[in-house]
Every structure is written in structure tokens, then in C-alpha cells.
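Q: See protein15.pdb below, with PDB, C-alpha atoms.
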ATOM      1  CA  MET A 268     -38.836   5.866   3.667
ATOM      2  CA  SER A 269     -38.263   8.935   1.557
ATOM      3  CA  ALA A 270     -38.793   9.693  -2.096
ATOM      4  CA  VAL A 271     -35.802  10.558  -4.251
ATOM      5  CA  ALA A 272     -35.613  11.701  -7.840
ATOM      6  CA  LEU A 273     -32.481  12.124  -9.882
ATOM      7  CA  THR A 274     -31.086  11.645 -13.356
ATOM      8  CA  VAL A 275     -28.874   8.620 -13.929
ATOM      9  CA  ASN A 276     -27.117   8.193 -17.258
ATOM     10  CA  GLY A 277     -29.523  10.627 -18.849
ATOM     11  CA  LYS A 278     -32.693   8.955 -17.602
ATOM     12  CA  ALA A 279     -34.989  10.302 -14.897
ATOM     13  CA  VAL A 280     -35.237   7.811 -12.019
ATOM     14  CA  THR A 281     -37.185   7.821  -8.793
ATOM     15  CA  GLY A 282     -37.128   5.672  -5.708
ATOM     16  CA  ASP A 283     -38.691   5.295  -2.300
ATOM     17  CA  VAL A 284     -35.744   4.554  -0.074
ATOM     18  CA  ASP A 285     -34.680   4.239   3.522
ATOM     19  CA  PRO A 286     -32.952   7.549   4.363
ATOM     20  CA  ARG A 287     -29.785   5.579   5.178
ATOM     21  CA  THR A 288     -29.504   4.330   1.585
ATOM     22  CA  LEU A 289     -26.133   5.215   0.097
ATOM     23  CA  LEU A 290     -25.885   6.337  -3.504
ATOM     24  CA  VAL A 291     -23.899   3.207  -4.340
ATOM     25  CA  GLN A 292     -26.625   0.997  -2.852
ATOM     26  CA  PHE A 293     -29.279   2.842  -4.820
ATOM     27  CA  LEU A 294     -27.342   2.384  -8.054
ATOM     28  CA  ARG A 295     -26.516  -1.281  -7.477
ATOM     29  CA  GLU A 296     -29.591  -2.561  -5.683
ATOM     30  CA  ASN A 297     -32.448  -0.367  -6.870
ATOM     31  CA  LEU A 298     -31.295   0.355 -10.404
ATOM     32  CA  ARG A 299     -29.208  -2.845 -10.823
ATOM     33  CA  LEU A 300     -26.344  -0.825 -12.265
ATOM     34  CA  THR A 301     -23.639  -3.126 -10.913
ATOM     35  CA  GLY A 302     -20.743  -1.541 -12.790
ATOM     36  CA  THR A 303     -20.270   0.739  -9.764
ATOM     37  CA  HIS A 304     -18.407  -1.428  -7.269
ATOM     38  CA  VAL A 305     -18.006  -1.555  -3.515
ATOM     39  CA  GLY A 306     -14.394  -2.386  -2.806
ATOM     40  CA  CYS A 307     -13.847  -1.271   0.761
ATOM     41  CA  ASP A 308     -17.028   0.242   2.221
ATOM     42  CA  THR A 309     -14.826   2.850   3.901
ATOM     43  CA  SER A 310     -14.272   5.455   1.156
ATOM     44  CA  GLN A 311     -10.666   4.531   0.555
ATOM     45  CA  CYS A 312     -10.567   2.445  -2.614
ATOM     46  CA  GLY A 313     -12.459   4.493  -5.200
ATOM     47  CA  ALA A 314     -14.147   1.500  -6.878
ATOM     48  CA  CYS A 315     -17.486   3.281  -6.397
ATOM     49  CA  VAL A 316     -16.569   6.582  -8.070
ATOM     50  CA  VAL A 317     -19.306   8.084 -10.245
ATOM     51  CA  LEU A 318     -19.739  11.570 -11.657
ATOM     52  CA  VAL A 319     -22.302  13.711  -9.832
ATOM     53  CA  ASN A 320     -23.071  16.891 -11.769
ATOM     54  CA  GLY A 321     -19.822  16.291 -13.647
ATOM     55  CA  LYS A 322     -17.618  15.838 -10.565
ATOM     56  CA  ALA A 323     -16.092  12.591  -9.304
ATOM     57  CA  MET A 324     -17.699  11.381  -6.108
ATOM     58  CA  LYS A 325     -17.311   8.217  -4.089
ATOM     59  CA  ALA A 326     -20.829   6.811  -4.177
ATOM     60  CA  CYS A 327     -20.301   5.109  -0.818
ATOM     61  CA  THR A 328     -19.769   8.452   0.942
ATOM     62  CA  VAL A 329     -23.108  10.001   0.172
ATOM     63  CA  PHE A 330     -26.722   9.245   0.971
ATOM     64  CA  VAL A 331     -28.858   9.231  -2.118
ATOM     65  CA  TRP A 332     -31.192  11.862  -0.626
ATOM     66  CA  GLN A 333     -28.247  14.248  -0.319
ATOM     67  CA  ILE A 334     -27.971  14.500  -4.090
ATOM     68  CA  GLU A 335     -31.684  14.856  -4.811
ATOM     69  CA  GLY A 336     -32.158  16.164  -8.346
ATOM     70  CA  ALA A 337     -28.534  15.602  -9.352
ATOM     71  CA  ASP A 338     -27.253  14.339 -12.676
ATOM     72  CA  VAL A 339     -25.333  11.085 -12.093
ATOM     73  CA  LEU A 340     -23.105   9.381 -14.624
ATOM     74  CA  THR A 341     -21.980   5.797 -14.009
ATOM     75  CA  ILE A 342     -19.628   3.649 -16.057
ATOM     76  CA  GLU A 343     -22.637   2.190 -17.884
ATOM     77  CA  GLY A 344     -23.567   5.635 -19.174
ATOM     78  CA  LEU A 345     -20.131   6.859 -20.233
ATOM     79  CA  ALA A 346     -20.555   5.620 -23.806
ATOM     80  CA  ASP A 347     -23.596   4.706 -25.869
ATOM     81  CA  PRO A 348     -23.933   0.899 -25.576
ATOM     82  CA  ASN A 349     -24.327   0.657 -29.331
ATOM     83  CA  GLY A 350     -21.729   3.246 -30.225
ATOM     84  CA  PRO A 351     -17.973   3.620 -29.903
ATOM     85  CA  LEU A 352     -16.259   3.476 -26.522
ATOM     86  CA  HIS A 353     -15.411   6.683 -24.673
ATOM     87  CA  PRO A 354     -11.767   7.628 -25.396
ATOM     88  CA  MET A 355     -10.817   6.935 -21.758
ATOM     89  CA  GLN A 356     -12.328   3.430 -21.939
ATOM     90  CA  GLU A 357     -10.499   2.834 -25.206
ATOM     91  CA  ALA A 358      -7.234   4.023 -23.659
ATOM     92  CA  PHE A 359      -7.541   1.624 -20.715
ATOM     93  CA  ARG A 360      -8.048  -1.275 -23.102
ATOM     94  CA  GLU A 361      -5.266  -0.192 -25.455
ATOM     95  CA  HIS A 362      -2.683   0.344 -22.706
ATOM     96  CA  HIS A 363      -3.590  -2.724 -20.667
ATOM     97  CA  GLY A 364      -4.745  -0.555 -17.770
ATOM     98  CA  LEU A 365      -6.757  -3.394 -16.259
ATOM     99  CA  GLN A 366      -6.663  -7.057 -15.420
ATOM    100  CA  CYS A 367      -9.485  -8.155 -13.107
ATOM    101  CA  GLY A 368     -11.370  -4.948 -13.870
ATOM    102  CA  TYR A 369     -12.761  -4.429 -10.391
ATOM    103  CA  CYS A 370     -11.260  -0.981  -9.823
ATOM    104  CA  THR A 371     -11.607   0.003 -13.486
ATOM    105  CA  PRO A 372     -14.987   1.788 -13.526
ATOM    106  CA  GLY A 373     -13.846   4.027 -10.659
ATOM    107  CA  MET A 374     -10.457   4.550 -12.294
ATOM    108  CA  ILE A 375     -12.015   5.573 -15.607
ATOM    109  CA  LEU A 376     -14.504   8.013 -14.073
ATOM    110  CA  THR A 377     -11.800   9.487 -11.825
ATOM    111  CA  ALA A 378      -9.670   9.921 -14.945
ATOM    112  CA  VAL A 379     -12.492  11.674 -16.802
ATOM    113  CA  ASP A 380     -12.966  14.040 -13.850
ATOM    114  CA  MET A 381      -9.199  14.623 -13.825
ATOM    115  CA  VAL A 382      -9.304  15.718 -17.465
ATOM    116  CA  TYR A 383     -12.255  18.024 -16.785
ATOM    117  CA  ARG A 384     -10.284  19.747 -14.024
ATOM    118  CA  LYS A 385      -6.686  19.540 -15.218
ATOM    119  CA  GLY A 386      -6.936  19.505 -18.997
ATOM    120  CA  HIS A 387      -5.709  17.160 -21.669
ATOM    121  CA  ASP A 388      -1.969  17.351 -21.095
ATOM    122  CA  LEU A 389      -1.431  15.382 -17.893
ATOM    123  CA  ASP A 390       2.063  14.465 -16.732
ATOM    124  CA  ASP A 391       2.900  11.390 -14.665
ATOM    125  CA  PRO A 392       3.303  13.119 -11.266
ATOM    126  CA  THR A 393      -0.065  14.834 -11.693
ATOM    127  CA  ILE A 394      -1.842  11.615 -12.628
ATOM    128  CA  ARG A 395      -0.233   9.648  -9.809
ATOM    129  CA  HIS A 396      -1.111  12.298  -7.255
ATOM    130  CA  GLU A 397      -4.678  12.577  -8.531
ATOM    131  CA  LEU A 398      -5.078   8.794  -8.243
ATOM    132  CA  GLU A 399      -4.465   8.800  -4.503
ATOM    133  CA  GLY A 400      -8.115   7.984  -3.885
ATOM    134  CA  ASN A 401      -8.226   4.967  -6.189
ATOM    135  CA  LEU A 402      -6.651   1.649  -5.307
ATOM    136  CA  CYS A 403      -5.725  -1.110  -7.741
ATOM    137  CA  ARG A 404      -4.590  -4.405  -6.239
ATOM    138  CA  CYS A 405      -3.663  -6.401  -9.313
ATOM    139  CA  THR A 406      -2.632  -4.455 -12.419
ATOM    140  CA  GLY A 407      -0.348  -1.966 -10.716
ATOM    141  CA  TYR A 408      -0.497   1.710 -11.510
ATOM    142  CA  HIS A 409       2.045   1.979 -14.324
ATOM    143  CA  ASN A 410      -0.280   1.053 -17.173
ATOM    144  CA  ILE A 411      -3.186   2.887 -15.583
ATOM    145  CA  VAL A 412      -1.102   6.080 -15.582
ATOM    146  CA  LYS A 413      -0.157   5.511 -19.231
ATOM    147  CA  ALA A 414      -3.791   4.874 -20.137
ATOM    148  CA  ILE A 415      -4.966   8.075 -18.438
ATOM    149  CA  ALA A 416      -2.314  10.210 -20.155
ATOM    150  CA  ALA A 417      -3.322   8.775 -23.539
ATOM    151  CA  GLY A 418      -7.048   8.968 -22.784
ATOM    152  CA  ALA A 419      -6.706  12.601 -21.713
ATOM    153  CA  LYS A 420      -5.122  13.469 -25.064
ATOM    154  CA  ALA A 421      -7.736  11.500 -26.983
ATOM    155  CA  MET A 422     -10.498  13.361 -25.145
ATOM    156  CA  GLU A 423      -9.410  16.611 -26.827
ATOM    157  CA  LYS A 424     -11.610  15.662 -29.759
ATOM    158  CA  GLY A 425     -15.097  16.365 -28.535
ATOM    159  CA  HIS A 426     -14.905  15.159 -24.949
ATOM    160  CA  SER A 427     -14.264  18.289 -22.945
ATOM    161  CA  LYS A 428     -16.124  19.079 -19.754
ATOM    162  CA  PRO A 429     -19.829  19.454 -20.442
ATOM    163  CA  ALA A 430     -21.273  22.908 -19.817
ATOM    164  CA  ALA A 431     -22.557  23.244 -16.262
TER     165      ALA A 431
ATOM    166  CA  MET B  84       7.985  -6.530 -31.203
ATOM    167  CA  GLY B  85       6.229  -7.851 -34.282
ATOM    168  CA  ALA B  86       2.811  -6.623 -35.252
ATOM    169  CA  THR B  87       1.495 -10.167 -35.487
ATOM    170  CA  GLY B  88       2.401 -13.601 -34.201
ATOM    171  CA  ILE B  89       4.661 -14.496 -31.303
ATOM    172  CA  GLY B  90       5.563 -11.489 -29.161
ATOM    173  CA  ALA B  91       2.803  -9.295 -30.521
ATOM    174  CA  PRO B  92       0.568  -7.553 -27.983
ATOM    175  CA  VAL B  93      -2.855  -9.164 -27.924
ATOM    176  CA  ARG B  94      -6.067  -7.321 -27.217
ATOM    177  CA  ARG B  95      -7.862  -9.096 -24.368
ATOM    178  CA  LYS B  96     -11.303 -10.452 -25.129
ATOM    179  CA  GLU B  97     -12.608  -9.767 -21.612
ATOM    180  CA  ASP B  98     -11.740  -6.077 -21.399
ATOM    181  CA  ARG B  99     -14.808  -4.662 -23.096
ATOM    182  CA  ARG B 100     -17.189  -5.817 -20.409
ATOM    183  CA  PHE B 101     -14.934  -4.554 -17.639
ATOM    184  CA  ILE B 102     -14.493  -1.057 -19.088
ATOM    185  CA  THR B 103     -18.216  -0.680 -19.773
ATOM    186  CA  GLY B 104     -19.406  -1.842 -16.343
ATOM    187  CA  LYS B 105     -20.746  -5.162 -17.608
ATOM    188  CA  GLY B 106     -18.437  -7.396 -15.586
ATOM    189  CA  HIS B 107     -20.224  -9.949 -13.435
ATOM    190  CA  TYR B 108     -18.613 -10.320 -10.035
ATOM    191  CA  THR B 109     -19.932 -12.420  -7.148
ATOM    192  CA  ASP B 110     -21.519  -9.402  -5.503
ATOM    193  CA  ASP B 111     -23.388  -8.597  -8.747
ATOM    194  CA  ILE B 112     -25.295 -11.895  -8.795
ATOM    195  CA  ASN B 113     -28.993 -11.448  -8.072
ATOM    196  CA  ARG B 114     -31.161 -14.551  -8.458
ATOM    197  CA  PRO B 115     -34.850 -14.950  -7.540
ATOM    198  CA  GLY B 116     -35.142 -15.974  -3.896
ATOM    199  CA  GLN B 117     -31.437 -15.422  -3.316
ATOM    200  CA  SER B 118     -30.286 -15.627   0.292
ATOM    201  CA  TYR B 119     -27.004 -14.538   1.808
ATOM    202  CA  ALA B 120     -24.390 -16.278   3.914
ATOM    203  CA  TRP B 121     -22.256 -14.415   6.378
ATOM    204  CA  PHE B 122     -19.212 -15.947   8.033
ATOM    205  CA  LEU B 123     -18.629 -15.121  11.648
ATOM    206  CA  ARG B 124     -14.982 -15.685  12.483
ATOM    207  CA  SER B 125     -13.233 -15.806  15.789
ATOM    208  CA  PRO B 126     -11.471 -12.575  16.714
ATOM    209  CA  HIS B 127      -8.756 -14.740  18.292
ATOM    210  CA  ALA B 128      -6.349 -16.736  16.132
ATOM    211  CA  HIS B 129      -6.010 -20.416  17.075
ATOM    212  CA  ALA B 130      -8.436 -20.109  19.963
ATOM    213  CA  LYS B 131     -10.331 -23.167  21.085
ATOM    214  CA  ILE B 132     -14.058 -22.742  20.632
ATOM    215  CA  ARG B 133     -15.691 -24.371  23.629
ATOM    216  CA  LYS B 134     -19.288 -23.635  22.773
ATOM    217  CA  ILE B 135     -21.382 -21.806  20.199
ATOM    218  CA  ASP B 136     -24.793 -20.658  21.354
ATOM    219  CA  SER B 137     -26.729 -19.775  18.223
ATOM    220  CA  VAL B 138     -30.241 -19.802  19.702
ATOM    221  CA  ALA B 139     -30.711 -16.026  19.736
ATOM    222  CA  ALA B 140     -29.218 -15.625  16.245
ATOM    223  CA  THR B 141     -31.420 -18.369  14.812
ATOM    224  CA  ALA B 142     -34.504 -16.716  16.318
ATOM    225  CA  MET B 143     -33.856 -13.379  14.620
ATOM    226  CA  PRO B 144     -36.314 -12.393  11.879
ATOM    227  CA  GLY B 145     -35.093 -13.260   8.400
ATOM    228  CA  VAL B 146     -32.467 -15.747   9.565
ATOM    229  CA  LEU B 147     -32.851 -19.030   7.664
ATOM    230  CA  ALA B 148     -30.191 -21.029   9.508
ATOM    231  CA  VAL B 149     -27.086 -20.739  11.630
ATOM    232  CA  LEU B 150     -24.567 -23.417  10.741
ATOM    233  CA  THR B 151     -21.605 -24.167  12.961
ATOM    234  CA  GLY B 152     -18.602 -26.212  11.898
ATOM    235  CA  VAL B 153     -20.174 -29.242  13.517
ATOM    236  CA  ASP B 154     -23.330 -28.742  11.458
ATOM    237  CA  LEU B 155     -21.358 -28.420   8.230
ATOM    238  CA  SER B 156     -19.592 -31.692   8.940
ATOM    239  CA  ALA B 157     -22.782 -33.458   9.972
ATOM    240  CA  ASP B 158     -24.555 -32.272   6.814
ATOM    241  CA  LYS B 159     -21.565 -33.319   4.698
ATOM    242  CA  ILE B 160     -21.422 -29.872   3.131
ATOM    243  CA  GLY B 161     -17.657 -30.230   3.158
ATOM    244  CA  ASN B 162     -15.167 -27.466   2.564
ATOM    245  CA  LEU B 163     -16.204 -24.001   1.521
ATOM    246  CA  ILE B 164     -13.353 -22.297  -0.270
ATOM    247  CA  CYS B 165     -12.216 -19.226   1.668
ATOM    248  CA  GLY B 166     -15.030 -19.912   4.143
ATOM    249  CA  TRP B 167     -14.368 -22.946   6.225
ATOM    250  CA  ASP B 168     -12.145 -26.012   6.147
ATOM    251  CA  ASP B 169     -13.555 -29.320   7.267
ATOM    252  CA  HIS B 170     -10.125 -30.610   8.290
ATOM    253  CA  LEU B 171     -10.035 -28.208  11.221
ATOM    254  CA  GLN B 172     -12.560 -30.395  12.959
ATOM    255  CA  GLY B 173     -10.362 -33.462  12.744
ATOM    256  CA  ARG B 174      -7.292 -31.597  13.780
ATOM    257  CA  LEU B 175      -8.850 -30.446  16.994
ATOM    258  CA  ALA B 176     -10.263 -33.888  17.610
ATOM    259  CA  ASP B 177      -6.729 -35.249  17.479
ATOM    260  CA  GLU B 178      -5.489 -32.664  19.899
ATOM    261  CA  ASP B 179      -8.319 -33.147  22.335
ATOM    262  CA  GLY B 180      -8.851 -36.837  21.879
ATOM    263  CA  ALA B 181     -12.503 -36.164  21.213
ATOM    264  CA  ALA B 182     -14.459 -37.920  18.498
ATOM    265  CA  PRO B 183     -14.483 -36.083  15.140
ATOM    266  CA  GLY B 184     -17.742 -34.244  14.629
ATOM    267  CA  ASN B 185     -18.385 -33.864  18.326
ATOM    268  CA  CYS B 186     -15.501 -31.552  18.996
ATOM    269  CA  PRO B 187     -16.262 -27.917  19.728
ATOM    270  CA  GLY B 188     -14.026 -26.673  16.902
ATOM    271  CA  LYS B 189     -11.056 -24.449  16.606
ATOM    272  CA  SER B 190     -10.724 -21.038  15.062
ATOM    273  CA  GLU B 191      -8.104 -20.228  12.468
ATOM    274  CA  PHE B 192      -7.528 -17.049  10.542
ATOM    275  CA  CYS B 193      -7.504 -16.958   6.778
ATOM    276  CA  ARG B 194      -9.198 -20.291   6.253
TER     277      ARG B 194
END
If you took the structure in this file and wrote it as C-alpha cells, what would it be?
A:
Amino acid sequence: MSAVALTVNGKAVTGDVDPRTLLVQFLRENLRLTGTHVGCDTSQCGACVVLVNGKAMKACTVFVWQIEGADVLTIEGLADPNGPLHPMQEAFREHHGLQCGYCTPGMILTAVDMVYRKGHDLDDPTIRHELEGNLCRCTGYHNIVKAIAAGAKAMEKGHSKPAA
Amino acid sequence: MGATGIGAPVRRKEDRRFITGKGHYTDDINRPGQSYAWFLRSPHAHAKIRKIDSVAATAMPGVLAVLTGVDLSADKIGNLICGWDDHLQGRLADEDGAAPGNCPGKSEFCR
């Protein structure tokens, strides 16, 4: 077992884990943050995407000890539970960018990362290319692309990339 | 499209929990004393299963039970959706002329 300490959704967390523990297991099983999903177990589907130090990362590709001390943001921490939704969450709802919702947390966090890197004016080809690591098997990508374009614009008001 | 009534877009009631990570999928369920089932399927479609030796698997630490198709029939557990279909037992019995419940079973994909 090995001790790990990191920040998850703004809170300091620690754990004593088997060194083989993946970040996604730590989030889901130790912290019971089940909004981060395991869709494929093989790093293809993107359902497990979280932000690690502000960058999108597939939580099934990394051992939790590898990101010791990091700042992790999961879907549960994107907006204050008692406050308004994050603009990207709002955009997914408004543009019907989800049905079953399984891929949605990973889609939303990938989209937020996309805005941090590519700015607020995202065209369709850019969004579609950037989504190559996220699979949706029920909604189809059309409304997801529309939601991300709208969410990116809406993020101009106070939701730019946080200072490193 | 009108703003209200027939043809108007409707905001889905279920979306909020999905976009905030509060959905509750099967894999998210965590009850006290929860145990886990794992389905071992034949790697060969439509193969006849002559024998299942589950002694070593049953003896492994942490294993509560190993249930074969015959056991599921005998215990009247019945069909498990997407897991196992009781009718497979009877079908093989017909083909082999063996008594239902005593047959060794038959594998099928996607049952």
C-alpha cells in the first residue's frame, strides 16, 4: 500500500492505496465520486475524463500515485452544487447534447479543456477532431458539437482557463 | 416551432443529474455487504458444454458460489436478462435427448 494526497474538487484528500490503483478507481471507489465513468477500461471512450491541473486526462490511464499532489476536477466539482450550472453543463442541457448521460461527464470536461486550449470560438471541424477521444453511443455527435460551440461562447464570461 | 404546446422543445427532467455527475448507473450502486456476479461465457459460439469443473474456482478465497446453468435451473432462479437464458437448457435437452436439468448445457453468444 502507498499513501497518496491530492486535491479533488477543491478539497484535500488522502488515501492508502494499492500502487496499482487507477485514478478512476480512487475517485469512484475510495471517494465515491461516481460521476466519473468507466466505459471501456481501455482508454478509448473518454467517459472517465477529468481535469488534472487544468488539463483533460483519462482517469483510467493513470495510477493515482502518478499524480501525487495534483489538483483534480471531476464533473461533481465543475459547478457549486447550490449555485448555477457551469456554462458548458447548461449548453449540453439546452442543446440536447445527451440522452443516457453516460458519456456526458467526460464530454463536458473534454469540452472545457478544449476551450482552455483553443479559445471560445470553436468551429465544427475543430470540435469534431478534438472529440476523437470521446465516444457517444446513443445521442450522436451532432448535438454534442452544437452544445460545445455554444458552451465555449458562454464561457467567455468569467470561465477562462484558471491561472496555472 | 411554437414556444409552448405541441411541437415545442421540452427541457428534459433527467438532464440535471446527468450533467452534474449525479446519475445512478448499475456500476454506481454500492450497498452494505454487496457482492458481485461475473459471467463466464464460452469463447466458442454454439459449442456443446460437456462438463464444467468449478471445484478450484469455488475454493478460491472470497468466492461465495459458482453457479452453472444446471444450478440456476435447479434453484429456479430463472432467466437473468443479458446474463443467461433458462430455455437453452431445454433446447439442448431436445437435441441430445437428455432430461432437462441434467444436460451439460450449450453456449450461445449474446444471451
Q: Check every residue of chain B for an atom within 10 Å of chain A, counting all atoms listed in the file, and provide those that qualify as a VMD selection string.
A: chain B and resid 92 to 108 110 to 113
Q: Just to be explicit: take each residue in the selection above, keep C-alpha atoms, and write the result as a PDB file, in the coordinates of the input.
A:
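That gives us selection_26.pdb:
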ATOM      1  CA  PRO B  92       0.568  -7.553 -27.983  1.00  0.00           C
ATOM      2  CA  VAL B  93      -2.855  -9.164 -27.924  1.00  0.00           C
ATOM      3  CA  ARG B  94      -6.067  -7.321 -27.217  1.00  0.00           C
ATOM      4  CA  ARG B  95      -7.862  -9.096 -24.368  1.00  0.00           C
ATOM      5  CA  LYS B  96     -11.303 -10.452 -25.129  1.00  0.00           C
ATOM      6  CA  GLU B  97     -12.608  -9.767 -21.612  1.00  0.00           C
ATOM      7  CA  ASP B  98     -11.740  -6.077 -21.399  1.00  0.00           C
ATOM      8  CA  ARG B  99     -14.808  -4.662 -23.096  1.00  0.00           C
ATOM      9  CA  ARG B 100     -17.189  -5.817 -20.409  1.00  0.00           C
ATOM     10  CA  PHE B 101     -14.934  -4.554 -17.639  1.00  0.00           C
ATOM     11  CA  ILE B 102     -14.493  -1.057 -19.088  1.00  0.00           C
ATOM     12  CA  THR B 103     -18.216  -0.680 -19.773  1.00  0.00           C
ATOM     13  CA  GLY B 104     -19.406  -1.842 -16.343  1.00  0.00           C
ATOM     14  CA  LYS B 105     -20.746  -5.162 -17.608  1.00  0.00           C
ATOM     15  CA  GLY B 106     -18.437  -7.396 -15.586  1.00  0.00           C
ATOM     16  CA  HIS B 107     -20.224  -9.949 -13.435  1.00  0.00           C
ATOM     17  CA  TYR B 108     -18.613 -10.320 -10.035  1.00  0.00           C
ATOM     18  CA  ASP B 110     -21.519  -9.402  -5.503  1.00  0.00           C
ATOM     19  CA  ASP B 111     -23.388  -8.597  -8.747  1.00  0.00           C
ATOM     20  CA  ILE B 112     -25.295 -11.895  -8.795  1.00  0.00           C
ATOM     21  CA  ASN B 113     -28.993 -11.448  -8.072  1.00  0.00           C
TER      22      ASN B 113
END
Q: Skipping near chain neighbours, those fewer than 2 positions away, what residues fall within 12 Å of Arg287 in chain A using only C-alpha atoms, listed as a PyMOL selection string?
A: chain A and resi 268-269+283-285+289-293+327-333
Q: Once the PyMOL selection byres ((chain A and resi 377-388) around 8) has been evaluated on this model, what residues remain selected, and can you format them as JSON, numbers by chain?
A: {"A": [316, 317, 318, 321, 322, 323, 355, 373, 374, 375, 376, 389, 390, 397, 398, 415, 416, 419, 420, 422, 423, 427, 428]}
Q: Give me, please, the distance in Å between CA of Asn297 in chain A and CA of Gly282 in chain A, quoted to one decimal.
A: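 About the pair CA of Asn297 in chain A and CA of Gly282 in chain A: they are 7.7 Å apart.
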Q: Of the candidates B:Thr109, B:Met143, B:Ile160, B:Thr151, which one gets nearest to Leu123 in chain B if we count all atoms listed in the file?
A: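 Counting all atoms listed in the file, the residue closest to Leu123 in chain B is B:Thr151.
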Q: When you draw a straight line from CA of Lys325 in chain A to CA of Asp391 in chain A, how long is it in Å?
A: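 Separating CA of Lys325 in chain A from CA of Asp391 in chain A is a distance of 23.0 Å.
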Q: One decimal, in Å: what's the spacing between CA of Ile132 in chain B and CA of Val153 in chain B?
A: 11.4 Å
Q: Counting all atoms listed in the file, which residues sit no farther than 12 Å from the position (-27.8, -23.4, 19.8) in the file's frame? I'd like them as a PyMOL selection string.
A: chain B and resi 134-142+148-151+153-154
Q: Complete the atoms of range 372-379 of chain A to all heavy atoms and put them out as a tab-separated table (two decimals), in the coordinates of the input.
A:
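The result, written out as part-v7.tsv:
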chain	number	residue	atom	x	y	z
A	372	PRO	N	-13.97	0.74	-13.36
A	372	PRO	CA	-14.99	1.79	-13.53
A	372	PRO	C	-14.66	3.05	-12.73
A	372	PRO	O	-14.79	4.17	-13.24
A	372	PRO	CB	-16.27	1.11	-13.02
A	372	PRO	CG	-16.04	-0.34	-13.28
A	372	PRO	CD	-14.58	-0.55	-12.98
A	373	GLY	N	-14.22	2.88	-11.49
A	373	GLY	CA	-13.85	4.03	-10.66
A	373	GLY	C	-12.62	4.74	-11.20
A	373	GLY	O	-12.53	5.97	-11.18
A	374	MET	N	-11.67	3.96	-11.71
A	374	MET	CA	-10.46	4.55	-12.29
A	374	MET	C	-10.82	5.41	-13.50
A	374	MET	O	-10.34	6.54	-13.68
A	374	MET	CB	-9.49	3.44	-12.74
A	374	MET	CG	-8.79	2.72	-11.61
A	374	MET	SD	-7.45	3.73	-10.94
A	374	MET	CE	-6.84	2.59	-9.68
A	375	ILE	N	-11.66	4.87	-14.37
A	375	ILE	CA	-12.02	5.57	-15.61
A	375	ILE	C	-12.77	6.87	-15.30
A	375	ILE	O	-12.47	7.93	-15.86
A	375	ILE	CB	-12.83	4.65	-16.53
A	375	ILE	CG1	-11.92	3.54	-17.11
A	375	ILE	CG2	-13.48	5.45	-17.67
A	375	ILE	CD1	-12.64	2.50	-17.94
A	376	LEU	N	-13.73	6.80	-14.37
A	376	LEU	CA	-14.50	8.01	-14.07
A	376	LEU	C	-13.66	9.03	-13.32
A	376	LEU	O	-13.81	10.24	-13.52
A	376	LEU	CB	-15.78	7.65	-13.31
A	376	LEU	CG	-16.80	6.92	-14.21
A	376	LEU	CD1	-17.92	6.31	-13.38
A	376	LEU	CD2	-17.36	7.85	-15.27
A	377	THR	N	-12.75	8.57	-12.48
A	377	THR	CA	-11.80	9.49	-11.82
A	377	THR	C	-10.93	10.17	-12.88
A	377	THR	O	-10.65	11.37	-12.81
A	377	THR	CB	-10.90	8.71	-10.84
A	377	THR	OG1	-11.73	8.17	-9.82
A	377	THR	CG2	-9.85	9.60	-10.21
A	378	ALA	N	-10.52	9.39	-13.88
A	378	ALA	CA	-9.67	9.92	-14.94
A	378	ALA	C	-10.42	10.97	-15.76
A	378	ALA	O	-9.87	12.02	-16.12
A	378	ALA	CB	-9.20	8.79	-15.85
A	379	VAL	N	-11.69	10.71	-16.03
A	379	VAL	CA	-12.49	11.67	-16.80
A	379	VAL	C	-12.62	12.99	-16.01
A	379	VAL	O	-12.45	14.09	-16.56
A	379	VAL	CB	-13.89	11.08	-17.13
A	379	VAL	CG1	-14.82	12.15	-17.69
A	379	VAL	CG2	-13.74	9.92	-18.13
